[in-house]
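J.: Structure: my_file_19.tsv, TSV, C-alpha atoms and all ligand atoms.
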```tsv
chain	number	residue	atom	x	y	z
A	12	MET	CA	32.46	4.57	11.17
A	13	THR	CA	33.03	4.80	7.43
A	14	LYS	CA	29.95	5.11	5.28
A	15	PRO	CA	29.19	2.41	2.68
A	16	ARG	CA	30.42	3.20	-0.81
A	17	LEU	CA	28.32	5.41	-3.07
A	18	LEU	CA	26.32	3.67	-5.82
A	19	TRP	CA	27.20	5.96	-8.70
A	20	ILE	CA	24.92	4.34	-11.28
A	21	ASN	CA	21.88	4.90	-9.05
A	22	ILE	CA	22.98	8.46	-8.23
A	23	LEU	CA	23.45	9.31	-11.90
A	24	VAL	CA	20.13	7.78	-12.99
A	25	PHE	CA	18.15	9.58	-10.24
A	26	LEU	CA	19.99	12.89	-10.71
A	27	ALA	CA	19.97	12.97	-14.50
A	28	THR	CA	16.29	11.99	-14.84
A	29	PHE	CA	15.32	14.49	-12.12
A	30	LEU	CA	17.21	17.35	-13.77
A	31	VAL	CA	15.72	16.58	-17.19
A	32	ALA	CA	12.22	16.45	-15.66
A	33	ALA	CA	12.76	19.70	-13.75
A	34	VAL	CA	14.50	21.70	-16.50
A	35	ALA	CA	14.25	20.19	-19.99
A	36	VAL	CA	10.59	19.13	-19.78
A	37	PRO	CA	9.25	22.58	-18.72
A	38	TYR	CA	11.57	24.22	-21.31
A	39	ARG	CA	10.17	21.97	-24.05
A	40	ALA	CA	6.61	22.66	-22.82
A	41	ILE	CA	7.13	26.44	-23.12
A	42	THR	CA	9.08	26.51	-26.37
A	43	HIS	CA	7.42	23.66	-28.23
A	44	GLY	CA	4.43	22.43	-26.23
A	45	PHE	CA	3.10	18.90	-25.73
A	46	ASP	CA	-0.07	17.78	-27.48
A	47	SER	CA	-2.91	15.77	-26.00
A	48	PHE	CA	-1.67	12.46	-27.47
A	49	GLU	CA	1.68	12.88	-25.69
A	50	ILE	CA	0.07	13.92	-22.41
A	51	ILE	CA	-2.50	11.11	-22.42
A	52	THR	CA	0.02	8.41	-23.33
A	53	ALA	CA	2.36	9.71	-20.59
A	54	ILE	CA	-0.48	9.45	-18.04
A	55	ILE	CA	-1.35	5.92	-19.25
A	56	CYS	CA	2.30	4.86	-18.96
A	57	PHE	CA	2.52	6.46	-15.48
A	58	CYS	CA	-0.55	4.47	-14.39
A	59	PHE	CA	0.82	1.29	-15.97
A	60	CYS	CA	4.05	1.63	-13.95
A	61	GLY	CA	2.24	2.60	-10.74
A	62	ILE	CA	-0.31	-0.21	-10.86
A	63	SER	CA	2.36	-2.77	-11.77
A	64	ILE	CA	4.16	-1.84	-8.56
A	65	THR	CA	1.12	-1.57	-6.25
A	66	ALA	CA	-1.07	-4.41	-7.55
A	67	GLY	CA	1.86	-6.54	-8.77
A	68	TYR	CA	5.11	-6.06	-6.84
A	69	HIS	CA	3.42	-5.04	-3.62
A	70	ARG	CA	0.06	-6.70	-3.04
A	71	LEU	CA	0.50	-9.76	-5.29
A	72	TRP	CA	4.15	-10.77	-4.90
A	73	SER	CA	5.39	-9.20	-1.65
A	74	HIS	CA	2.30	-9.98	0.41
A	75	ARG	CA	0.48	-12.71	-1.54
A	76	THR	CA	-2.89	-11.04	-0.84
A	77	TYR	CA	-4.46	-12.66	-3.93
A	78	LYS	CA	-3.64	-14.93	-6.84
A	79	ALA	CA	-3.50	-13.72	-10.43
A	80	HIS	CA	-3.66	-15.25	-13.91
A	81	ALA	CA	-0.31	-15.61	-15.73
A	82	SER	CA	-1.30	-12.93	-18.27
A	83	VAL	CA	-1.79	-10.37	-15.47
A	84	ARG	CA	1.48	-11.40	-13.82
A	85	PHE	CA	3.31	-11.02	-17.13
A	86	ILE	CA	1.87	-7.51	-17.67
A	87	TYR	CA	2.90	-6.46	-14.13
A	88	ALA	CA	6.40	-7.91	-14.66
A	89	ILE	CA	6.82	-5.73	-17.75
A	90	GLY	CA	5.32	-2.67	-16.01
A	91	GLY	CA	7.66	-3.18	-13.06
A	92	ALA	CA	10.71	-3.15	-15.32
A	93	PHE	CA	9.30	-0.01	-17.01
A	94	ALA	CA	8.98	1.57	-13.52
A	95	LEU	CA	12.70	0.89	-12.97
A	96	GLN	CA	12.42	-0.25	-9.37
A	97	ASN	CA	14.57	-3.39	-9.49
A	98	SER	CA	13.23	-6.91	-10.14
A	99	ILE	CA	10.12	-8.40	-8.52
A	100	LEU	CA	12.34	-10.80	-6.55
A	101	HIS	CA	14.59	-8.08	-5.15
A	102	TRP	CA	11.82	-5.56	-4.48
A	103	SER	CA	9.68	-8.13	-2.68
A	104	SER	CA	12.60	-9.39	-0.61
A	105	ASP	CA	13.40	-5.83	0.55
A	106	HIS	CA	9.75	-5.17	1.23
A	107	ARG	CA	9.25	-8.29	3.34
A	108	VAL	CA	12.26	-7.26	5.45
A	109	HIS	CA	10.71	-3.78	5.77
A	110	HIS	CA	7.51	-5.27	7.20
A	111	LYS	CA	9.21	-7.78	9.46
A	112	HIS	CA	11.68	-5.28	10.93
A	113	VAL	CA	9.83	-2.01	10.37
A	114	ASP	CA	11.63	1.02	11.86
A	115	ASN	CA	14.63	-1.06	12.91
A	116	ASN	CA	17.51	1.07	11.65
A	117	ASP	CA	19.89	-1.89	11.41
A	118	VAL	CA	17.67	-4.18	9.34
A	119	ASP	CA	14.75	-2.30	7.74
A	120	PRO	CA	16.23	-1.33	4.33
A	121	TYR	CA	14.32	1.96	4.24
A	122	SER	CA	13.73	2.59	7.93
A	123	ALA	CA	11.66	5.75	8.44
A	124	LYS	CA	13.46	6.28	11.76
A	125	LYS	CA	16.51	7.31	9.73
A	126	GLY	CA	14.63	10.34	8.44
A	127	PHE	CA	12.78	11.52	5.35
A	128	TRP	CA	15.75	11.66	2.95
A	129	PHE	CA	17.04	8.19	3.82
A	130	SER	CA	13.67	6.43	3.62
A	131	HIS	CA	12.73	8.30	0.43
A	132	ILE	CA	15.84	7.85	-1.69
A	133	GLY	CA	19.01	7.88	0.42
A	134	TRP	CA	18.86	4.13	1.06
A	135	MET	CA	19.41	3.50	-2.66
A	136	LEU	CA	22.38	5.84	-3.03
A	137	ARG	CA	24.86	3.90	-0.91
A	138	ASP	CA	25.66	0.20	-0.66
A	139	TYR	CA	24.01	-0.19	2.77
A	140	HIS	CA	23.12	-3.86	2.52
A	141	ARG	CA	26.02	-5.30	0.58
A	142	GLU	CA	26.18	-8.54	2.59
A	143	THR	CA	22.50	-9.30	2.16
A	144	TYR	CA	21.96	-7.82	-1.30
A	145	SER	CA	21.57	-11.16	-3.08
A	146	ASN	CA	20.08	-13.11	-0.19
A	147	TYR	CA	16.65	-14.13	-1.37
A	148	ASP	CA	15.84	-16.64	1.39
A	149	ASN	CA	12.70	-14.75	2.38
A	150	VAL	CA	11.23	-15.01	-1.14
A	151	ARG	CA	11.65	-18.75	-1.75
A	152	ASP	CA	8.00	-18.94	-2.82
A	153	LEU	CA	8.69	-16.38	-5.55
A	154	GLN	CA	11.73	-18.29	-6.76
A	155	LYS	CA	9.36	-21.05	-7.84
A	156	GLU	CA	7.46	-18.69	-10.14
A	157	LYS	CA	8.61	-18.76	-13.76
A	158	ILE	CA	7.59	-15.18	-14.61
A	159	VAL	CA	9.35	-13.80	-11.53
A	160	MET	CA	12.60	-15.61	-12.31
A	161	TRP	CA	12.44	-14.79	-16.01
A	162	GLN	CA	12.02	-11.10	-15.16
A	163	HIS	CA	14.84	-11.27	-12.59
A	164	LYS	CA	17.27	-12.83	-15.08
A	165	ASN	CA	16.36	-10.46	-17.90
A	166	TYR	CA	15.74	-7.38	-15.79
A	167	LEU	CA	18.36	-5.11	-17.35
A	168	LEU	CA	17.29	-5.96	-20.89
A	169	LEU	CA	13.61	-5.45	-20.02
A	170	THR	CA	14.27	-2.04	-18.45
A	171	ILE	CA	16.14	-0.91	-21.58
A	172	ILE	CA	13.47	-2.22	-23.95
A	173	THR	CA	10.61	-0.62	-22.01
A	174	ASN	CA	12.25	2.66	-20.99
A	175	PHE	CA	13.72	3.39	-24.42
A	176	GLY	CA	11.52	1.27	-26.69
A	177	ILE	CA	8.11	2.51	-25.52
A	178	PRO	CA	8.86	6.29	-25.60
A	179	ILE	CA	10.83	6.09	-28.87
A	180	GLY	CA	8.23	3.80	-30.46
A	181	LEU	CA	5.36	6.11	-29.48
A	182	GLY	CA	7.39	9.11	-30.67
A	183	LEU	CA	8.01	7.54	-34.07
A	184	LEU	CA	4.34	6.63	-34.34
A	185	HIS	CA	3.25	10.15	-33.47
A	186	GLY	CA	6.04	12.02	-35.29
A	187	ASP	CA	7.90	13.70	-32.40
A	188	VAL	CA	10.54	11.47	-30.80
A	189	TRP	CA	12.13	14.12	-28.53
A	190	SER	CA	8.86	15.19	-26.93
A	191	SER	CA	7.99	11.56	-26.36
A	192	ILE	CA	11.37	10.77	-24.74
A	193	LEU	CA	11.05	13.79	-22.46
A	194	LEU	CA	7.44	13.30	-21.37
A	195	ILE	CA	6.78	9.54	-21.62
A	196	GLY	CA	10.38	8.53	-21.02
A	197	VAL	CA	11.74	10.85	-18.35
A	198	MET	CA	8.86	12.78	-16.76
A	199	ARG	CA	6.78	9.61	-16.37
A	200	LEU	CA	9.73	7.79	-14.77
A	201	VAL	CA	10.55	10.56	-12.28
A	202	LEU	CA	6.91	10.93	-11.20
A	203	SER	CA	6.53	7.16	-10.96
A	204	HIS	CA	9.70	6.89	-8.84
A	205	HIS	CA	8.90	9.61	-6.36
A	206	THR	CA	5.24	8.75	-5.86
A	207	THR	CA	6.29	5.20	-4.94
A	208	PHE	CA	9.12	6.49	-2.75
A	209	PHE	CA	6.61	8.63	-0.85
A	210	ILE	CA	5.14	5.41	0.56
A	211	ASN	CA	8.43	4.66	2.29
A	212	SER	CA	9.00	8.23	3.42
A	213	LEU	CA	5.85	10.38	3.79
A	214	ALA	CA	3.50	7.47	4.56
A	215	HIS	CA	5.65	6.83	7.64
A	216	ILE	CA	5.61	10.50	8.71
A	217	TRP	CA	2.40	12.27	7.71
A	218	GLY	CA	-1.08	11.08	8.65
A	219	LYS	CA	-3.09	9.26	11.30
A	220	GLN	CA	-2.18	6.16	13.25
A	221	THR	CA	-5.67	4.70	13.08
A	222	TYR	CA	-4.96	1.09	14.03
A	223	THR	CA	-1.56	0.86	15.69
A	224	LYS	CA	1.22	2.93	17.18
A	225	LYS	CA	3.66	0.05	17.20
A	226	ASN	CA	5.29	1.43	14.04
A	227	THR	CA	5.60	4.76	12.24
A	228	ALA	CA	3.18	3.93	9.37
A	229	ARG	CA	0.38	6.46	8.79
A	230	ASP	CA	-3.00	6.58	7.05
A	231	ASN	CA	-3.21	9.50	4.65
A	232	GLY	CA	-5.99	10.03	2.09
A	233	ILE	CA	-4.07	12.71	0.18
A	234	LEU	CA	-1.09	10.42	-0.26
A	235	ALA	CA	-3.43	7.60	-1.32
A	236	PHE	CA	-4.54	9.80	-4.22
A	237	PHE	CA	-1.00	10.00	-5.61
A	238	THR	CA	-0.02	6.41	-4.88
A	239	PHE	CA	-2.91	4.38	-6.31
A	240	GLY	CA	-4.33	3.79	-2.83
A	241	GLU	CA	-1.18	2.94	-0.92
A	242	GLY	CA	-1.56	5.93	1.42
A	243	TYR	CA	-3.54	3.89	3.96
A	244	HIS	CA	-0.24	2.62	5.22
A	245	ASN	CA	-1.09	2.27	8.92
A	246	PHE	CA	-3.83	-0.20	8.03
A	247	HIS	CA	-1.48	-1.93	5.63
A	248	HIS	CA	1.28	-2.44	8.21
A	249	ILE	CA	-1.04	-4.05	10.75
A	250	PHE	CA	-3.08	-6.09	8.24
A	251	GLU	CA	-0.54	-6.74	5.49
A	252	ASN	CA	-2.33	-9.82	4.13
A	253	ASP	CA	-5.38	-7.81	3.10
A	254	TYR	CA	-5.64	-7.06	-0.65
A	255	ARG	CA	-7.12	-3.68	0.26
A	256	ASN	CA	-5.34	-0.70	1.81
A	257	GLY	CA	-8.30	1.66	1.90
A	258	ILE	CA	-11.12	-0.43	3.37
A	259	ARG	CA	-14.11	1.94	3.19
A	260	TRP	CA	-15.96	2.37	-0.12
A	261	PHE	CA	-15.00	6.05	-0.24
A	262	HIS	CA	-11.32	5.41	0.39
A	263	PHE	CA	-9.38	6.13	-2.79
A	264	ASP	CA	-7.75	2.78	-3.54
A	265	PRO	CA	-7.68	2.12	-7.33
A	266	THR	CA	-5.34	-0.84	-6.76
A	267	LYS	CA	-8.07	-2.56	-4.73
A	268	TRP	CA	-10.66	-1.78	-7.42
A	269	ILE	CA	-8.43	-3.17	-10.18
A	270	ILE	CA	-7.82	-6.40	-8.23
A	271	LYS	CA	-11.57	-6.72	-7.64
A	272	VAL	CA	-12.37	-6.11	-11.32
A	273	CYS	CA	-9.75	-8.72	-12.28
A	274	SER	CA	-11.50	-11.20	-9.97
A	275	TYR	CA	-14.83	-10.56	-11.77
A	276	LEU	CA	-13.03	-11.26	-15.06
A	277	ASN	CA	-11.55	-14.50	-13.67
A	278	LEU	CA	-8.08	-12.98	-13.89
A	279	ALA	CA	-7.64	-12.98	-10.10
A	280	HIS	CA	-8.91	-15.11	-7.26
A	281	SER	CA	-8.46	-15.96	-3.57
A	282	LEU	CA	-8.60	-12.27	-2.54
A	283	ARG	CA	-7.72	-12.08	1.16
A	284	LYS	CA	-9.58	-9.81	3.56
A	285	THR	CA	-9.07	-9.16	7.27
A	286	PRO	CA	-12.11	-10.16	9.36
A	287	GLU	CA	-14.25	-7.09	10.14
A	288	ASP	CA	-14.16	-7.63	13.91
A	289	LYS	CA	-10.36	-7.61	13.99
A	290	ILE	CA	-10.30	-4.24	12.19
A	291	ALA	CA	-13.03	-2.73	14.40
A	292	LYS	CA	-11.32	-3.92	17.58
A	293	ALA	CA	-7.90	-2.61	16.53
A	294	LYS	CA	-9.45	0.79	15.78
A	295	ALA	CA	-11.32	0.94	19.10
A	296	HIS	CA	-8.20	-0.07	20.99
A	297	MET	CA	-6.25	2.75	19.34
A	298	GLN	CA	-9.02	5.19	20.31
A	299	LEU	CA	-8.77	3.96	23.90
A	300	VAL	CA	-4.99	4.41	23.96
A	301	ASN	CA	-5.26	7.93	22.47
A	302	SER	CA	-7.93	9.02	24.96
A	303	GLN	CA	-6.00	7.56	27.89
A	304	THR	CA	-2.92	9.50	26.82
A	305	LYS	CA	-4.90	12.74	26.61
A	306	LEU	CA	-6.51	12.15	30.03
A	307	GLN	CA	-3.26	11.35	31.82
A	308	HIS	CA	-2.71	14.87	33.11
A	309	SER	CA	-6.30	15.78	33.99
A	310	ILE	CA	-7.26	16.28	37.65
A	311	HIS	CA	-9.61	13.29	37.77
A	312	ALA	CA	-7.45	11.13	35.53
A	313	GLU	CA	-7.92	7.88	37.42
A	314	GLU	CA	-11.70	8.12	37.60
A	315	LEU	CA	-12.13	9.18	33.97
A	316	ILE	CA	-9.77	6.53	32.66
A	317	SER	CA	-11.59	3.79	34.55
A	318	LYS	CA	-14.97	5.00	33.19
A	319	LEU	CA	-13.50	4.99	29.71
A	320	GLN	CA	-12.10	1.51	30.21
A	321	HIS	CA	-15.53	0.29	31.38
A	322	GLU	CA	-17.25	1.70	28.27
A	323	TYR	CA	-14.51	0.21	26.08
A	324	ASP	CA	-14.97	-3.25	27.65
A	325	LEU	CA	-18.71	-3.03	26.99
A	326	LEU	CA	-18.08	-2.01	23.39
A	327	ILE	CA	-15.70	-4.93	22.82
A	328	ASP	CA	-18.18	-7.42	24.38
A	329	HIS	CA	-20.94	-6.14	22.10
A	330	MET	CA	-18.66	-6.32	19.09
A	331	THR	CA	-17.77	-9.94	19.85
A	332	LEU	CA	-21.44	-10.94	20.16
A	333	TYR	CA	-22.48	-9.01	17.04
A	334	TYR	CA	-19.75	-10.37	14.78
A	335	GLU	CA	-20.18	-13.94	16.04
A	336	THR	CA	-23.87	-13.79	15.17
A	337	LYS	CA	-23.12	-12.21	11.81
A	338	LYS	CA	-20.77	-15.09	11.01
A	339	LYS	CA	-23.46	-17.62	12.01
A	340	LEU	CA	-25.98	-15.87	9.79
A	341	ILE	CA	-23.61	-15.92	6.80
A	342	ALA	CA	-22.84	-19.60	7.39
A	343	GLN	CA	-26.56	-20.39	7.53
A	344	LYS	CA	-27.16	-18.61	4.23
A	345	GLY	CA	-25.30	-21.37	2.41
A	346	ASN	CA	-27.03	-24.09	4.41
A	347	GLN	CA	-30.28	-24.99	2.62
A	348	LEU	CA	-31.34	-27.32	5.41
A	349	SER	CA	-31.66	-24.61	8.04
A	350	GLU	CA	-35.23	-24.17	9.22
A	351	ASP	CA	-37.04	-20.94	8.34
A	352	VAL	CA	-38.08	-20.41	11.97
A	353	GLU	CA	-34.55	-20.94	13.20
A	354	ARG	CA	-33.24	-18.49	10.63
A	355	SER	CA	-35.81	-15.79	11.28
A	356	SER	CA	-35.08	-15.86	15.03
A	357	LEU	CA	-31.35	-15.54	14.27
A	358	VAL	CA	-32.07	-12.59	11.97
A	359	GLN	CA	-34.10	-10.96	14.72
A	360	HIS	CA	-31.30	-11.56	17.24
A	361	TYR	CA	-28.77	-10.14	14.79
A	362	LYS	CA	-30.82	-6.97	14.29
A	363	GLU	CA	-31.08	-6.45	18.04
A	364	LEU	CA	-27.35	-6.91	18.48
A	365	LYS	CA	-26.69	-4.44	15.67
A	366	GLU	CA	-28.88	-1.83	17.37
A	367	ASN	CA	-27.19	-2.44	20.70
A	368	LEU	CA	-23.77	-2.14	19.14
A	369	ASN	CA	-24.72	1.14	17.46
A	370	LEU	CA	-25.85	2.43	20.82
A	371	ARG	CA	-22.55	1.39	22.44
A	372	TYR	CA	-20.67	3.16	19.63
A	373	LYS	CA	-22.67	6.34	20.28
A	374	ASN	CA	-21.85	6.21	24.00
A	375	TRP	CA	-18.23	5.48	23.23
A	376	ASP	CA	-17.89	8.42	20.84
A	377	LEU	CA	-19.73	10.72	23.24
A	378	LEU	CA	-17.55	9.75	26.18
A	379	ARG	CA	-14.35	10.23	24.22
A	380	ALA	CA	-15.53	13.61	22.94
A	381	GLN	CA	-16.42	14.66	26.50
A	382	TYR	CA	-13.18	13.55	28.12
A	383	ALA	CA	-10.49	14.17	25.59
B	401	ZN	ZN	3.67	-3.77	2.21
B	402	ZN	ZN	5.97	0.85	5.22
```
Please rewrite the model in this file as structure tokens.
T.:
Amino acid sequence: MTKPRLLWINILVFLATFLVAAVAVPYRAITHGFDSFEIITAIICFCFCGISITAGYHRLWSHRTYKAHASVRFIYAIGGAFALQNSILHWSSDHRVHHKHVDNNDVDPYSAKKGFWFSHIGWMLRDYHRETYSNYDNVRDLQKEKIVMWQHKNYLLLTIITNFGIPIGLGLLHGDVWSSILLIGVMRLVLSHHTTFFINSLAHIWGKQTYTKKNTARDNGILAFFTFGEGYHNFHHIFENDYRNGIRWFHFDPTKWIIKVCSYLNLAHSLRKTPEDKIAKAKAHMQLVNSQTKLQHSIHAEELISKLQHEYDLLIDHMTLYYETKKKLIAQKGNQLSEDVERSSLVQHYKELKENLNLRYKNWDLLRAQYA
């Protein structure tokens, strides 16, 4: 089978920027040096590009996990062009296909099953999806958005203005155009490209499958640090409508924090979250599957697996009761008419259920540690 034709423009852009970042930038750093203004503005521009992709292209437009004010959408549209990752419309269309057909080598545009190189950058170097390249049927909702369509139509112009205009403008302002082009123009772009590409490659290879094994996506805290929180990719693939990727308070997810801050400033609203019980049950189920796999070859496999299953069933029953009561309690909070006595008995019941659930969790953890 003949391979699709090479996309020379993409190859040249990736190769030339990479070589400049790997050779010319370090050479300039040694012979000339970069000052703090140049370094700080490069970091700011890197963050601007990264956040525009994660909070804008990804969580806002591809997955519709929240709604944002037009000013925020406009800023992300500009940042996305600066990041040079195709238009919102195209990026989101590709990404929705990636989620729907994840790991399917024939359809997923950056299928991780085709290996690290392909999912990282290889998929952009050849014309793999020529027939479907301009098919935007899966982003009809985005086609109704003025900012999205304006950016799509003017994408090339916007990439030129941002990628040349911003570095040259800052260079003129600061008095060193070449340093600015190298650091803010090229180095920022290369780092921005590859950190995003890691989500398609490394985040499907390296890390834990905390919630599901149905696809290759992994949770990885280290990767989250370099990708503005997108490293919790296993969670993201199972609960793609959640505006968060890292759900615990200590999970490094600046994209989630920015969206939350925007909601406090009335710049974002309708933030979508997965119900807690769904997350807890998915996690427990994965723990069950992992322990069962480990126990398969033990001498008393059948007996141990059935004990484990029994403890798991108990845990799930307790979870259901606990979360149902929690929901009732929250609903009652808004209901002024609820009697004090009725409420206090519900609170008491809730506390008991919480204690019981904690106990079940302890048993569950102990049993898994003992067996597997
Ligand atoms: Zn996604
Ligand atoms: Zn993915």
J.: Have a look at atom CA of Cys273 of chain A and atom CA of Gly91 of chain A and let me know their distance in Å, one decimal.
T.: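 Distance reported for this atom pair: 18.3 Å.
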J.: Looking at only C-alpha atoms and all ligand atoms, which of A:Ser309, A:Asn211, A:Ser203, A:Thr28 is the one that sits closest to ligand ZN 401 (chain B)?
T.: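 For ligand ZN 401 (chain B), the nearest of the candidates is A:Asn211.
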J.: Excluding segment 155-162 of chain A and its own-chain neighbours fewer than 6 positions away, which residues fall within 7 Å of it when counting only C-alpha atoms? Please give them as number ranges by chain.
T.: A: 85, 88, 98-100
J.: Return as a compact mmCIF listing (two decimals) with C-alpha atoms, keeping the file's coordinate frame the residues of protein, DNA or RNA that approach ligand ZN 402 (chain B) to within 7 Å, with only C-alpha atoms and all ligand atoms taken into account.
T.:
```
# COMPACT_ATOMS: atom_id res chain seq x y z
CA HIS A 109 10.71 -3.78 5.77
CA HIS A 110 7.51 -5.27 7.20
CA ILE A 210 5.14 5.41 0.56
CA ASN A 211 8.43 4.66 2.29
CA HIS A 215 5.65 6.83 7.64
CA ALA A 228 3.18 3.93 9.37
CA HIS A 244 -0.24 2.62 5.22
CA HIS A 248 1.28 -2.44 8.21
```
J.: What separation in Å, quoted to one decimal, exists between atom CA of Ile86 of chain A and atom CA of Asp148 of chain A?
T.: 25.3 Å
J.: Kindly provide, as a list in words, all nucleotide and amino acid residues lying within 8 Å of ligand ZN 401 (chain B), counting all atoms listed in the file.
T.: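 After applying the 8 Å limit, what remains is His69, Arg70, Ser73, His74, His106, Arg107, His109, His110, His247, His248 and Glu251 of chain A.
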J.: Could you jot down the atom CA of Leu193 of chain A to atom CA of Ile269 of chain A separation for me, Å, one decimal place?
T.: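 Atom CA of Leu193 of chain A sits 28.6 Å away from atom CA of Ile269 of chain A.
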J.: Pick from A:Val83, A:Val108, A:Thr206, A:Gly182: nearest to His131 of chain A, with only C-alpha atoms counted?
T.: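 Distance minimum relative to His131 of chain A lands on A:Thr206.
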J.: Taking (27.1, 6.4, 2.3) in the file's coordinates as the center, which residues reach within 12 Å of it, counting only C-alpha atoms, put as a list of chain:residue names?
T.: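 Residues with an atom at most 12 Å from (27.1, 6.4, 2.3): A:Met12, A:Thr13, A:Lys14, A:Pro15, A:Arg16, A:Leu17, A:Leu18, A:Trp19, A:Ile22, A:Phe129, A:Gly133, A:Trp134, A:Met135, A:Leu136, A:Arg137, A:Asp138, A:Tyr139, A:His140, A:Arg141.
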J.: Kindly save the residues from that selection, with C-alpha atoms included, as a short mmCIF file (atom, residue, chain, number, x, y, z; two decimals), in the frame of the given file.
T.:
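Listed below is the output, selection.cif:
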```cif
data_model
loop_
_atom_site.label_atom_id
_atom_site.label_comp_id
_atom_site.auth_asym_id
_atom_site.auth_seq_id
_atom_site.Cartn_x
_atom_site.Cartn_y
_atom_site.Cartn_z
CA MET A 12 32.46 4.57 11.17
CA THR A 13 33.03 4.80 7.43
CA LYS A 14 29.95 5.11 5.28
CA PRO A 15 29.19 2.41 2.68
CA ARG A 16 30.42 3.20 -0.81
CA LEU A 17 28.32 5.41 -3.07
CA LEU A 18 26.32 3.67 -5.82
CA TRP A 19 27.20 5.96 -8.70
CA ILE A 22 22.98 8.46 -8.23
CA PHE A 129 17.04 8.19 3.82
CA GLY A 133 19.01 7.88 0.42
CA TRP A 134 18.86 4.13 1.06
CA MET A 135 19.41 3.50 -2.66
CA LEU A 136 22.38 5.84 -3.03
CA ARG A 137 24.86 3.90 -0.91
CA ASP A 138 25.66 0.20 -0.66
CA TYR A 139 24.01 -0.19 2.77
CA HIS A 140 23.12 -3.86 2.52
CA ARG A 141 26.02 -5.30 0.58
#
```
J.: Quick one: everything within 7 Å of Gly90 of chain A, counting all atoms listed in the file, minus sequence neighbours fewer than 3 positions away in the same chain. Send it as a list in words.
T.: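 My list of contacting residues is Phe59, Cys60, Ser63, Ile86, Tyr87, Phe93 and Ala94 of chain A.
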